[in-house]
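I have placed the structure first, in the form of structure tokens, so that the comments after it can refer back to it.
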Amino acid sequence: MDRTIRIAELSKKEVDDILRSKKFNRLAPVSCHACGHKGIFKRRIFKIGGVYDMGDDEAQNLLRHHMKQTLNLGYIHFKVHKNTDYIDVASCSKCGSNKVAFDIELNDEIFEEVAKRLNIPKDKIQSDMQAILKRIS
Ligand SMILES: [Zn+2]
């Protein structure tokens, strides 16, 4: 089987649209490793198409190599959204570095889901989490 991977960058409007999806944006940029900036990050998102197997390390390595060589983007994140694979890249709006840490945002939606699963009131989980975070930070 011939493998061909296509990468297409989303337009500004498409990026805005997909970032409105909470599921897509759950793993989001939080801080710049280069300068410590926290706040606004520029996003570039690429849609992956063609014939390939993302479970295969080779496909991921190939994409990483391509992104680094052609676009100088060394830090990329693979995401799946509505059965389509994407590459999500952030760059620091302060120093321009692409070395940006992504983290999962603990939003209301997540607390609600955890509360439902554990059958514990949401407020209790939130206050417990805050106590834990205070202790470890
Ligand atoms: Zn920076």
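Residue numbers start at 1 in each chain; chains themselves are named A, B, ... in the order of the structure tokens; ligands are numbered from 1 in the order shown.
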
> Neighbours of Tyr75 of chain A within 7 Å (only C-alpha atoms; same-chain residues fewer than 5 positions away dropped), as a PyMOL selection string?
Replying inline: chain A and resi 89+98-99

>> Please find the residues contacting ligand 1 at a distance of at most 9 Å between atoms, with only C-alpha atoms and all ligand atoms counted, and report them as a list in words.
In response: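 Counting only what the definition allows, namely only C-alpha atoms and all ligand atoms, the set is Ser31, Cys32, His33, Ala34, Cys35, Gly36, His37, Lys38, Ser91, Cys92, Ser93, Lys94, Cys95, Gly96, Ser97, Asn98, Lys99 and Val100 of chain A.
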
Kindly export the residues of the current selection with C-alpha atoms, as an mmCIF file, in the first residue's frame.
data_model
loop_
_atom_site.group_PDB
_atom_site.id
_atom_site.type_symbol
_atom_site.label_atom_id
_atom_site.label_comp_id
_atom_site.auth_asym_id
_atom_site.auth_seq_id
_atom_site.Cartn_x
_atom_site.Cartn_y
_atom_site.Cartn_z
ATOM 1 C CA SER A 31 2.982 28.824 28.929
ATOM 2 C CA CYS A 32 6.063 29.540 26.849
ATOM 3 C CA HIS A 33 9.137 27.497 27.730
ATOM 4 C CA ALA A 34 11.418 30.083 26.203
ATOM 5 C CA CYS A 35 10.321 33.285 27.976
ATOM 6 C CA GLY A 36 7.704 32.164 30.525
ATOM 7 C CA HIS A 37 4.893 34.110 28.880
ATOM 8 C CA LYS A 38 1.384 33.055 29.836
ATOM 9 C CA SER A 91 3.621 30.140 19.172
ATOM 10 C CA CYS A 92 4.349 32.676 21.845
ATOM 11 C CA SER A 93 2.890 36.106 21.118
ATOM 12 C CA LYS A 94 5.713 37.674 23.113
ATOM 13 C CA CYS A 95 8.938 36.035 21.907
ATOM 14 C CA GLY A 96 7.657 34.060 18.920
ATOM 15 C CA SER A 97 8.985 30.739 20.190
ATOM 16 C CA ASN A 98 7.169 27.574 19.226
ATOM 17 C CA LYS A 99 8.324 25.878 22.424
ATOM 18 C CA VAL A 100 5.006 26.194 24.206
#

Using backbone DSSP assignments, extract all strand (DSSP E) residues from chain A; output them as a compact mmCIF listing (two decimals) with C-alpha atoms, in the first residue's frame.
# COMPACT_ATOMS: atom_id res chain seq x y z
CA THR A 4 0.72 9.48 1.04
CA ILE A 5 0.22 12.01 3.76
CA ARG A 6 -1.17 15.41 2.99
CA ILE A 7 -1.01 18.35 5.31
CA ALA A 8 -3.22 21.38 4.78
CA GLU A 9 -3.11 24.44 6.98
CA LEU A 27 -5.54 20.51 25.51
CA ALA A 28 -4.46 24.11 25.06
CA PRO A 29 -1.28 26.21 25.24
CA VAL A 30 -0.56 27.52 28.73
CA SER A 31 2.98 28.82 28.93
CA CYS A 32 6.06 29.54 26.85
CA PHE A 41 -0.73 32.27 21.95
CA LYS A 42 -0.95 32.27 18.18
CA ARG A 43 -2.33 29.02 16.82
CA ARG A 44 -1.73 27.26 13.55
CA ILE A 45 -3.69 24.13 12.84
CA PHE A 46 -3.05 21.63 10.09
CA LYS A 47 -5.42 18.99 8.81
CA ILE A 48 -3.87 15.65 7.95
CA GLY A 49 -5.20 13.66 5.04
CA GLY A 50 -4.18 10.82 2.76
CA VAL A 51 -3.32 7.20 3.38
CA HIS A 77 0.59 18.24 19.06
CA PHE A 78 -1.45 15.56 17.35
CA LYS A 79 -5.18 15.69 17.90
CA VAL A 80 -8.16 13.78 16.64
CA HIS A 81 -11.38 15.67 16.07
CA THR A 84 -9.92 13.63 11.40
CA ASP A 85 -6.32 14.00 12.48
CA TYR A 86 -4.91 17.43 13.13
CA ILE A 87 -1.65 19.02 14.13
CA ASP A 88 -2.02 21.84 16.62
CA VAL A 89 0.82 24.31 17.00
CA ALA A 90 1.11 27.34 19.24
CA SER A 91 3.62 30.14 19.17
CA CYS A 92 4.35 32.68 21.85
CA VAL A 100 5.01 26.19 24.21
CA ALA A 101 3.68 23.88 26.91
CA PHE A 102 0.15 22.53 26.45
CA ASP A 103 -2.02 21.51 29.35
CA ILE A 104 -5.52 20.37 30.02

> What gap, in Å, lies between atom CA of Asp17 of chain A and atom CA of Lys116 of chain A?
Replying inline: 28.7 Å

>> What's the separation between atom CA of Asp53 of chain A and atom CA of Lys22 of chain A, in Å to one decimal place?
In response: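 Those two atoms sit 25.7 Å apart.
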
>> Would you pick out the contacts of segment 112-115 of chain A at 12 Å or less, using only C-alpha atoms, so that residues sharing its chain but fewer than 4 positions from it are not included, and give the list as number ranges by chain?
In response: A: 106-108, 119-126, 128-129

Those residues you just picked out, can you put them in a file as a short mmCIF file (atom, residue, chain, number, x, y, z; two decimals), in the first residue's frame with N, CA and C atoms?
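The result, stored in out23.cif:
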data_model
loop_
_atom_site.label_atom_id
_atom_site.label_comp_id
_atom_site.auth_asym_id
_atom_site.auth_seq_id
_atom_site.Cartn_x
_atom_site.Cartn_y
_atom_site.Cartn_z
N LEU A 106 -8.75 22.79 33.32
CA LEU A 106 -9.76 22.24 34.23
C LEU A 106 -10.97 23.17 34.23
N ASN A 107 -11.88 22.91 33.33
CA ASN A 107 -13.04 23.78 33.27
C ASN A 107 -14.26 23.11 33.92
N ASP A 108 -15.33 23.84 33.96
CA ASP A 108 -16.57 23.37 34.57
C ASP A 108 -17.04 22.04 34.02
N ASN A 119 -20.02 10.29 41.40
CA ASN A 119 -21.21 10.51 42.21
C ASN A 119 -20.91 11.34 43.46
N ILE A 120 -20.15 12.40 43.24
CA ILE A 120 -19.79 13.32 44.32
C ILE A 120 -20.22 14.71 43.83
N PRO A 121 -20.74 15.56 44.71
CA PRO A 121 -21.14 16.90 44.24
C PRO A 121 -19.97 17.67 43.61
N LYS A 122 -20.30 18.42 42.57
CA LYS A 122 -19.28 19.15 41.81
C LYS A 122 -18.50 20.13 42.70
N ASP A 123 -19.23 20.82 43.59
CA ASP A 123 -18.59 21.81 44.47
C ASP A 123 -17.53 21.17 45.36
N LYS A 124 -17.84 19.95 45.81
CA LYS A 124 -16.92 19.21 46.69
C LYS A 124 -15.62 18.90 45.92
N ILE A 125 -15.78 18.44 44.68
CA ILE A 125 -14.60 18.12 43.87
C ILE A 125 -13.76 19.37 43.63
N GLN A 126 -14.45 20.47 43.30
CA GLN A 126 -13.73 21.72 43.03
C GLN A 126 -12.95 22.20 44.26
N ASP A 128 -11.97 20.38 46.84
CA ASP A 128 -10.89 19.42 47.11
C ASP A 128 -9.71 19.65 46.18
N MET A 129 -10.01 19.87 44.90
CA MET A 129 -8.95 20.08 43.92
C MET A 129 -8.15 21.34 44.26
#
